[in-house]
file upload.cif (mmCIF, C-alpha atoms)
data_model
loop_
_atom_site.label_atom_id
_atom_site.label_comp_id
_atom_site.auth_asym_id
_atom_site.auth_seq_id
_atom_site.Cartn_x
_atom_site.Cartn_y
_atom_site.Cartn_z
CA MET V 156 97.40 -18.59 -51.68
CA HIS V 157 97.47 -16.16 -54.62
CA GLN V 158 100.55 -13.97 -54.92
CA SER V 159 98.27 -10.93 -55.30
CA TYR V 160 96.66 -11.86 -51.96
CA ARG V 161 100.12 -11.92 -50.37
CA LEU V 162 100.70 -8.50 -51.90
CA ALA V 163 97.47 -7.20 -50.32
CA VAL V 164 98.66 -8.57 -46.95
CA ILE V 165 101.96 -6.71 -47.31
CA TYR V 166 100.08 -3.47 -47.97
CA PHE V 167 97.82 -4.24 -45.02
CA THR V 168 100.86 -4.36 -42.72
CA LEU V 169 101.98 -0.95 -44.03
CA PHE V 170 98.55 0.49 -43.27
CA GLY V 171 98.78 -1.20 -39.85
CA LEU V 172 102.09 0.51 -39.21
CA LEU V 173 100.56 3.88 -40.09
CA LEU V 174 97.58 3.13 -37.84
CA LEU V 175 99.84 2.43 -34.87
CA MET V 176 101.91 5.53 -35.63
CA SER V 177 98.89 7.84 -35.89
CA GLY V 178 97.48 6.30 -32.69
CA ALA V 179 100.76 7.03 -30.90
CA ILE V 180 100.85 10.62 -32.15
CA LEU V 181 97.23 11.16 -31.04
CA PHE V 182 98.01 9.65 -27.63
CA VAL V 183 101.00 11.95 -27.10
CA GLU V 184 99.10 14.97 -28.39
CA LYS V 185 95.93 14.37 -26.31
CA LEU V 186 97.09 12.61 -23.16
CA GLY V 187 100.86 13.12 -23.01
CA MET V 188 103.35 10.55 -21.81
CA SER V 189 103.57 11.34 -18.11
CA TYR V 190 101.50 10.40 -15.07
CA GLU V 191 100.65 14.09 -14.49
CA SER V 192 99.47 14.81 -18.03
CA ILE V 193 97.27 11.70 -18.14
CA SER V 194 95.83 12.57 -14.73
CA LEU V 195 95.13 16.10 -15.98
CA PHE V 196 93.43 14.75 -19.11
CA TYR V 197 91.06 12.43 -17.23
CA LEU V 198 90.54 14.19 -13.91
CA GLY V 199 90.85 17.83 -14.97
CA SER V 200 92.36 20.60 -12.83
CA GLU V 201 90.76 23.45 -10.95
CA ALA V 202 93.93 25.50 -11.28
CA GLN V 203 93.90 25.14 -15.06
CA PHE V 204 90.09 25.38 -15.34
CA THR V 205 89.80 22.00 -17.07
CA GLN V 206 86.84 19.68 -16.54
CA PRO V 207 87.19 15.97 -15.68
CA LYS V 208 86.11 13.58 -18.41
CA SER V 209 82.59 12.19 -18.24
CA THR V 210 81.69 8.51 -18.66
CA PHE V 211 79.64 9.38 -21.76
CA GLY V 212 82.56 11.31 -23.28
CA LEU V 213 84.86 8.33 -22.78
CA LEU V 214 82.24 5.97 -24.18
CA GLU V 215 82.19 7.97 -27.42
CA THR V 216 85.89 7.16 -27.92
CA ALA V 217 85.71 3.65 -26.47
CA LEU V 218 82.87 2.45 -28.71
CA PRO V 219 84.63 2.68 -32.10
CA HIS V 220 87.88 1.47 -30.52
CA LEU V 221 86.25 -1.66 -29.10
CA GLY V 222 85.09 -2.67 -32.57
CA ALA V 223 88.19 -1.53 -34.42
CA MET V 224 90.84 -2.91 -32.06
CA GLY V 225 89.16 -6.31 -31.76
CA LEU V 226 88.94 -6.57 -35.53
CA PHE V 227 92.49 -5.30 -36.03
CA VAL V 228 94.02 -7.86 -33.65
CA PHE V 229 91.87 -10.63 -35.11
CA VAL V 230 92.86 -9.84 -38.69
CA ILE V 231 96.59 -9.65 -37.90
CA GLY V 232 96.35 -12.83 -35.84
CA HIS V 233 94.42 -14.74 -38.47
CA PHE V 234 97.07 -14.05 -41.12
CA LEU V 235 99.44 -16.06 -38.98
CA LEU V 236 97.22 -19.10 -39.57
CA PHE V 237 98.76 -19.24 -43.03
CA THR V 238 102.35 -19.15 -41.74
CA PRO V 239 104.58 -22.14 -40.89
CA LYS V 240 103.94 -23.94 -37.58
CA LYS V 241 106.97 -22.38 -35.86
CA GLU V 242 105.84 -18.81 -36.51
CA LYS V 243 102.25 -19.67 -35.61
CA ALA V 244 103.37 -20.97 -32.21
CA ARG V 245 105.48 -17.87 -31.69
CA ALA V 246 102.42 -15.66 -32.26
CA ILE V 247 99.96 -17.21 -29.78
CA VAL V 248 101.18 -15.38 -26.67
CA PRO V 249 101.57 -11.97 -28.41
CA VAL V 250 98.04 -12.25 -29.89
CA VAL V 251 96.52 -12.95 -26.47
CA LEU V 252 98.62 -10.18 -24.88
CA LEU V 253 97.59 -7.77 -27.63
CA PHE V 254 93.89 -8.42 -26.93
CA ILE V 255 94.50 -7.86 -23.19
CA ALA V 256 96.57 -4.69 -23.78
CA ALA V 257 93.92 -3.26 -26.13
CA LEU V 258 91.16 -3.96 -23.61
CA LEU V 259 93.10 -2.43 -20.71
CA ASP V 260 93.96 0.59 -22.84
CA ILE V 261 90.26 1.17 -23.52
CA ILE V 262 88.80 0.50 -20.07
CA SER V 263 91.48 2.11 -17.89
CA GLY V 264 90.11 5.60 -18.64
CA PHE V 265 86.73 4.63 -17.11
CA ILE V 266 88.47 3.35 -13.98
CA ILE V 267 90.71 6.43 -13.65
CA ILE V 268 87.71 8.79 -13.57
CA GLN V 269 86.27 6.69 -10.71
CA GLY V 270 89.32 7.77 -8.67
CA TRP V 271 91.50 4.69 -9.12
CA THR V 272 94.57 6.71 -10.10
CA PHE V 273 96.80 3.63 -10.10
CA PHE V 274 95.22 2.83 -13.47
CA ILE V 275 97.09 5.78 -14.97
CA TRP V 276 100.16 3.49 -14.87
CA ILE V 277 98.08 0.66 -16.34
CA LYS V 278 97.00 3.00 -19.13
CA LEU V 279 100.63 3.86 -19.91
CA VAL V 280 101.86 0.25 -19.76
CA SER V 281 98.95 -1.08 -21.84
CA PHE V 282 99.47 1.63 -24.45
CA PHE V 283 103.19 0.84 -24.79
CA SER V 284 102.47 -2.90 -24.87
CA LEU V 285 99.86 -2.35 -27.57
CA GLN V 286 102.35 -0.49 -29.73
CA ILE V 287 105.26 -2.90 -29.23
CA ILE V 288 103.29 -6.15 -29.57
CA GLY V 289 101.32 -4.69 -32.49
CA LEU V 290 104.57 -3.84 -34.27
CA TYR V 291 105.97 -7.30 -33.55
CA LEU V 292 102.92 -9.07 -34.99
CA LEU V 293 102.84 -6.78 -38.02
CA PHE V 294 106.51 -7.60 -38.56
CA LEU V 295 105.82 -11.35 -38.36
CA VAL V 296 103.00 -11.07 -40.91
CA PHE V 297 105.02 -8.77 -43.18
CA LYS V 298 108.07 -11.06 -43.11
CA SER V 299 106.03 -14.16 -43.74
CA ALA V 300 104.08 -12.63 -46.64
CA LEU V 301 107.21 -11.12 -48.18
CA ASP V 302 109.17 -14.39 -47.90
CA SER V 303 106.45 -16.38 -49.62
CA LEU V 304 105.97 -13.71 -52.30
CA LEU V 305 109.71 -13.72 -53.04
CA LYS V 306 109.75 -17.54 -53.10
CA TYR V 307 106.85 -17.49 -55.57
CA THR V 308 108.51 -14.94 -57.89
CA LYS V 309 111.81 -16.93 -57.87
CA ARG V 310 109.97 -20.07 -59.03
CA MET X 166 88.73 -14.85 -45.17
CA LYS X 167 87.34 -18.34 -45.66
CA PHE X 168 86.62 -17.42 -49.28
CA THR X 169 90.35 -17.48 -49.97
CA LEU X 170 90.25 -21.24 -49.33
CA ILE X 171 87.06 -22.21 -51.23
CA LYS X 172 88.03 -23.52 -54.66
CA ASP X 173 85.06 -22.45 -56.76
CA LEU X 174 83.50 -19.31 -55.36
CA LYS X 175 80.98 -18.90 -58.15
CA SER X 176 79.31 -22.25 -57.67
CA ASP X 177 79.23 -22.06 -53.88
CA THR X 178 75.59 -21.36 -53.01
CA LEU X 179 76.32 -19.32 -49.89
CA MET X 180 79.54 -17.63 -50.94
CA ARG X 181 78.07 -15.91 -53.98
CA PRO X 182 75.32 -13.96 -52.15
CA LEU X 183 77.71 -13.26 -49.26
CA LEU X 184 80.37 -11.78 -51.52
CA SER X 185 77.76 -9.88 -53.57
CA GLY X 186 76.43 -8.26 -50.40
CA LEU X 187 79.91 -7.39 -49.20
CA LEU X 188 80.85 -5.90 -52.57
CA LEU X 189 77.65 -3.85 -52.59
CA PHE X 190 78.50 -2.46 -49.16
CA ILE X 191 82.04 -1.69 -50.31
CA LEU X 192 80.64 0.17 -53.33
CA LEU X 193 78.35 2.20 -51.09
CA PHE X 194 81.19 2.85 -48.62
CA LEU X 195 83.40 4.21 -51.40
CA MET X 196 80.67 6.52 -52.71
CA ALA X 197 79.74 7.70 -49.21
CA ASP X 198 83.41 8.37 -48.45
CA VAL X 199 83.69 10.68 -51.48
CA LEU X 200 80.50 12.54 -50.49
CA LEU X 201 81.55 12.87 -46.85
CA LYS X 202 85.11 14.02 -47.59
CA ASN X 203 83.76 16.51 -50.12
CA LYS X 204 81.52 17.98 -47.41
CA LEU X 205 84.02 17.68 -44.55
CA ILE X 206 87.32 18.88 -46.03
CA GLY X 207 86.56 19.53 -49.69
CA LEU X 208 87.81 17.71 -52.76
CA THR X 209 88.61 20.72 -54.93
CA PRO X 210 91.91 22.58 -54.53
CA SER X 211 90.23 25.81 -53.36
CA HIS X 212 87.86 24.11 -50.89
CA LEU X 213 90.56 21.85 -49.41
CA SER X 214 93.04 24.76 -49.12
CA GLN X 215 90.39 26.79 -47.32
CA THR X 216 89.74 23.91 -44.89
CA LEU X 217 93.44 23.34 -44.18
CA PHE X 218 94.72 26.91 -44.06
CA GLY X 219 91.57 28.92 -43.33
CA ASN X 220 90.36 32.04 -45.10
CA GLU X 221 90.52 35.41 -43.39
CA ALA X 222 88.25 37.07 -45.92
CA GLU X 223 85.46 34.58 -45.23
CA TYR X 224 86.26 34.20 -41.51
CA VAL X 225 87.10 30.50 -41.89
CA GLU X 226 89.43 29.11 -39.21
CA PRO X 227 92.20 26.73 -40.33
CA ALA X 228 91.76 23.05 -39.44
CA THR X 229 93.33 22.06 -36.13
CA GLU X 230 96.14 19.53 -35.90
CA HIS X 231 93.90 17.39 -33.73
CA PHE X 232 91.11 17.33 -36.33
CA LEU X 233 93.53 16.27 -39.03
CA LEU X 234 95.09 13.52 -36.91
CA GLU X 235 91.73 12.07 -35.93
CA LEU X 236 90.56 12.17 -39.54
CA LEU X 237 93.68 10.32 -40.72
CA HIS X 238 93.58 7.79 -37.87
CA GLY X 239 89.98 6.81 -38.66
CA ASP X 240 90.66 6.80 -42.40
CA ILE X 241 93.62 4.46 -42.08
CA PHE X 242 91.55 1.85 -40.25
CA PHE X 243 88.65 1.87 -42.69
CA MET X 244 90.97 1.96 -45.70
CA MET X 245 93.06 -0.98 -44.54
CA MET X 246 90.06 -3.18 -43.81
CA THR X 247 88.12 -2.27 -46.95
CA LEU X 248 91.05 -2.46 -49.34
CA LEU X 249 92.33 -5.73 -47.92
CA THR X 250 88.92 -7.36 -48.27
CA LEU X 251 88.35 -5.95 -51.73
CA SER X 252 91.82 -7.00 -52.92
CA ALA X 253 91.32 -10.51 -51.56
CA ILE X 254 87.99 -10.89 -53.39
CA TYR X 255 89.32 -9.37 -56.61
CA ALA X 256 92.44 -11.55 -56.47
CA ARG X 257 90.27 -14.66 -56.31
CA LEU X 258 87.90 -13.64 -59.09
CA CYS X 259 90.04 -11.85 -61.68
CA GLN X 260 91.72 -14.38 -63.99
CA ASN X 261 94.14 -11.95 -65.64
CA SER X 262 97.12 -12.01 -63.29
CA SER X 263 98.94 -8.96 -64.68
CA LEU X 264 95.77 -6.82 -64.60
CA ARG X 265 95.17 -8.05 -61.05
CA MET X 266 98.66 -7.11 -59.88
CA VAL X 267 98.59 -3.70 -61.57
CA ASN X 268 95.19 -2.80 -60.13
CA ILE X 269 95.95 -3.92 -56.58
CA ASN X 270 99.34 -2.18 -56.58
CA ALA X 271 97.99 1.05 -58.07
CA MET X 272 95.03 1.19 -55.68
CA MET X 273 97.11 0.46 -52.58
CA ILE X 274 99.89 2.88 -53.51
CA SER X 275 97.49 5.74 -54.30
CA ALA X 276 95.61 5.05 -51.04
CA LEU X 277 98.88 5.12 -49.09
CA LEU X 278 99.88 8.34 -50.86
CA THR X 279 96.72 10.15 -49.69
CA LEU X 280 97.84 9.43 -46.11
CA PHE X 281 101.17 11.15 -46.78
CA PHE X 282 99.97 14.00 -49.00
CA LEU X 283 97.37 15.38 -46.58
CA PRO X 284 99.81 15.92 -43.66
CA LEU X 285 102.44 17.16 -46.13
CA ALA X 286 99.94 19.72 -47.45
CA TYR X 287 99.03 20.81 -43.92
CA TYR X 288 102.53 21.01 -42.44
CA LEU X 289 104.83 21.60 -45.40
CA SER X 290 103.35 23.14 -48.49
CA ALA X 291 100.05 23.85 -50.24
CA HIS X 292 101.60 22.23 -53.32
CA PHE X 293 100.54 18.85 -51.91
CA VAL X 294 96.83 19.73 -52.04
CA MET X 295 96.45 18.76 -55.70
CA PRO X 296 98.45 15.50 -55.40
CA TYR X 297 96.22 14.57 -52.44
CA ILE X 298 93.05 15.12 -54.50
CA ILE X 299 94.46 13.14 -57.45
CA ALA X 300 95.54 10.25 -55.19
CA PHE X 301 92.18 10.32 -53.39
CA TYR X 302 90.16 10.06 -56.59
CA SER X 303 92.58 7.51 -58.05
CA TRP X 304 92.21 4.97 -55.27
CA HIS X 305 88.44 5.48 -55.14
CA ILE X 306 88.05 4.99 -58.88
CA LEU X 307 90.31 1.93 -58.87
CA ALA X 308 88.49 0.45 -55.89
CA LEU X 309 85.11 1.11 -57.54
CA PHE X 310 86.38 -0.56 -60.70
CA MET X 311 87.63 -3.58 -58.75
CA ALA X 312 84.35 -3.92 -56.86
CA ILE X 313 82.27 -3.69 -60.05
CA ALA X 314 84.64 -6.06 -61.89
CA SER X 315 84.40 -8.55 -59.02
CA LEU X 316 80.60 -8.45 -59.22
CA TYR X 317 80.85 -8.98 -62.98
CA TYR X 318 83.20 -11.97 -62.59
CA LEU X 319 80.93 -13.36 -59.90
CA PHE X 320 77.79 -13.36 -62.05
CA ILE X 321 78.90 -13.48 -65.68
CA PRO X 322 80.46 -16.81 -66.72
CA GLN X 323 84.06 -16.43 -67.96
CA LYS X 324 85.80 -18.49 -70.67
CA SER X 325 87.60 -20.50 -67.99
CA ASP X 326 84.23 -21.50 -66.44
CA LEU X 327 82.88 -22.99 -69.64
#
call {"tool": "encode", "arguments": {"input": "upload.cif", "output": "structure tokens"}}
result
Amino acid sequence: MHQSYRLAVIYFTLFGLLLLMSGAILFVEKLGMSYESISLFYLGSEAQFTQPKSTFGLLETALPHLGAMGLFVFVIGHFLLFTPKKEKARAIVPVVLLFIAALLDIISGFIIIQGWTFFIWIKLVSFFSLQIIGLYLLFLVFKSALDSLLKYTKR
Amino acid sequence: MKFTLIKDLKSDTLMRPLLSGLLLFILLFLMADVLLKNKLIGLTPSHLSQTLFGNEAEYVEPATEHFLLELLHGDIFFMMMTLLTLSAIYARLCQNSSLRMVNINAMMISALLTLFFLPLAYYLSAHFVMPYIIAFYSWHILALFMAIASLYYLFIPQKSDL
């Protein structure tokens, strides 16, 4: 693999870090981090004159996220194809978990507005999992690309 | 990213039209991004300042924090995917290794800087408006150059091909 390609991968992980960070800030700003605030966001409140979210409204957010998150996880995961066997094996479970966490994060909103309030916890857990596993995979890719770039420059 | 593994991209009958199409879309994406940002937030110091901080005289409300965050969040995703793909193609086609490294580094760093300068301008100081515009145009120009150069390398035989 070209060293400039490894460099592009390193930059990609930095962009990935910023993407996760901005996603976390948006989550905190829009939904909050508590059961009550997420419930208020999805189900609304008569006392605070806020409307519950509609299926169409949620679909508008879900649609770009379905495409983007799938692609994001795939691209991070596929970089690990170029890593040594040990690291590749270490990444299989996190990649699968990341797909599941991303999917649950997207669909839990639709289930919450149907009255299944237990999914508020699922939303919180899947969001945290998405952030932590995403960071872990980005770290694996970053470390692997940096190691091989440094090895190449030492040669 | 199969093209990173194919030895001779130029002589591969399927890879050449595939990469040409992708590069054409990247070119259009870059141009559309400039047009859209110019309309949405402005790409001149006065227009961008008005969008970020509002203008009482013209009854323009300042941009909300939420608007800015959503704009950045979407931008990061499209930038990372586009720039990674473009860099990978350019890295395979450009034979001059120092030019390749300089261009990729400069484009990526200026793209990353836009993501820092815009929030800095909004939250900290209007002095970051101009650096944002410079960084924005820099990464777009570099990316356009890399896309056009890649198309050139793809279709015009180089010394190393002969």
call {"tool": "resolve_selection", "arguments": {"input": "upload.cif", "expression": "the PyMOL selection byres ((chain V) within 10 of (chain X))", "output": "VMD selection string"}}
result
chain V and resid 156 to 178 180 to 181 184 to 185 219 to 220 223 to 224 226 to 227 230 233 to 234
call {"tool": "atom_distance", "arguments": {"input": "upload.cif", "atom1": "CA of Phe282 (chain V)", "atom2": "CA of Tyr190 (chain V)"}}
result
13.0 Å
call {"tool": "residues_around", "arguments": {"input": "upload.cif", "residues": "Ser284 (chain V)", "least_positions_apart": "5", "cutoff": "9 Å", "atoms": "all atoms listed in the file", "output": "list in words"}}
result
Leu252, Leu253, Ala256, Ala257, Leu279 and Gly289 of chain V
call {"tool": "write_last_selection", "arguments": {"input": "upload.cif", "atoms": "C-alpha atoms", "output": "short mmCIF file (atom, residue, chain, number, x, y, z; two decimals), in the coordinates of the input"}}
result
data_model
loop_
_atom_site.label_atom_id
_atom_site.label_comp_id
_atom_site.auth_asym_id
_atom_site.auth_seq_id
_atom_site.Cartn_x
_atom_site.Cartn_y
_atom_site.Cartn_z
CA LEU V 252 98.62 -10.18 -24.88
CA LEU V 253 97.59 -7.77 -27.63
CA ALA V 256 96.57 -4.69 -23.78
CA ALA V 257 93.92 -3.26 -26.13
CA LEU V 279 100.63 3.86 -19.91
CA GLY V 289 101.32 -4.69 -32.49
#
call {"tool": "atom_distance", "arguments": {"input": "upload.cif", "atom1": "CA of Val296 (chain V)", "atom2": "CA of Thr247 (chain X)"}}
result
18.3 Å
call {"tool": "residues_near_point", "arguments": {"input": "upload.cif", "point": "(82.9, -15.3, -61.9)", "cutoff": "9 Å", "atoms": "only C-alpha atoms", "output": "list in words"}}
result
Leu174, Lys175, Ser176, Leu258, Cys259, Ser315, Leu316, Tyr317, Tyr318, Leu319, Phe320, Ile321, Pro322, Gln323 and Asp326 of chain X
call {"tool": "atom_distance", "arguments": {"input": "upload.cif", "atom1": "CA of Ala291 (chain X)", "atom2": "CA of Ser214 (chain X)"}}
result
7.2 Å
call {"tool": "closest_residue", "arguments": {"input": "upload.cif", "among": "V:Ser299, V:Tyr307, V:Glu215, V:Leu186", "to": "Gly199 (chain V)", "atoms": "only C-alpha atoms"}}
result
V:Leu186
call {"tool": "resolve_selection", "arguments": {"input": "upload.cif", "expression": "the PyMOL selection byres ((chain V and resi 263-276) around 8)", "output": "PyMOL selection string"}}
result
chain V and resi 190+193-194+197-198+207-210+213+259-262+277-280
call {"tool": "resolve_selection", "arguments": {"input": "upload.cif", "expression": "the PyMOL selection byres ((chain X and resi 183) around 12)", "output": "ChimeraX atom specification"}}
result
/X:166-168,174-175,177-182,184-190,254,316,319
call {"tool": "closest_residue", "arguments": {"input": "upload.cif", "among": "X:Leu278, X:Leu283, X:Met311, X:Leu289", "to": "Leu213 (chain X)", "atoms": "only C-alpha atoms"}}
result
X:Leu283
call {"tool": "closest_residue", "arguments": {"input": "upload.cif", "among": "V:Val250, V:Val228, V:Leu235, V:Ala244", "to": "Lys298 (chain V)", "atoms": "all atoms listed in the file"}}
result
V:Leu235
call {"tool": "residues_around", "arguments": {"input": "upload.cif", "residues": "region 298-305 of chain X", "least_positions_apart": "4", "cutoff": "7 Å", "atoms": "only C-alpha atoms", "output": "count of residues only"}}
result
9
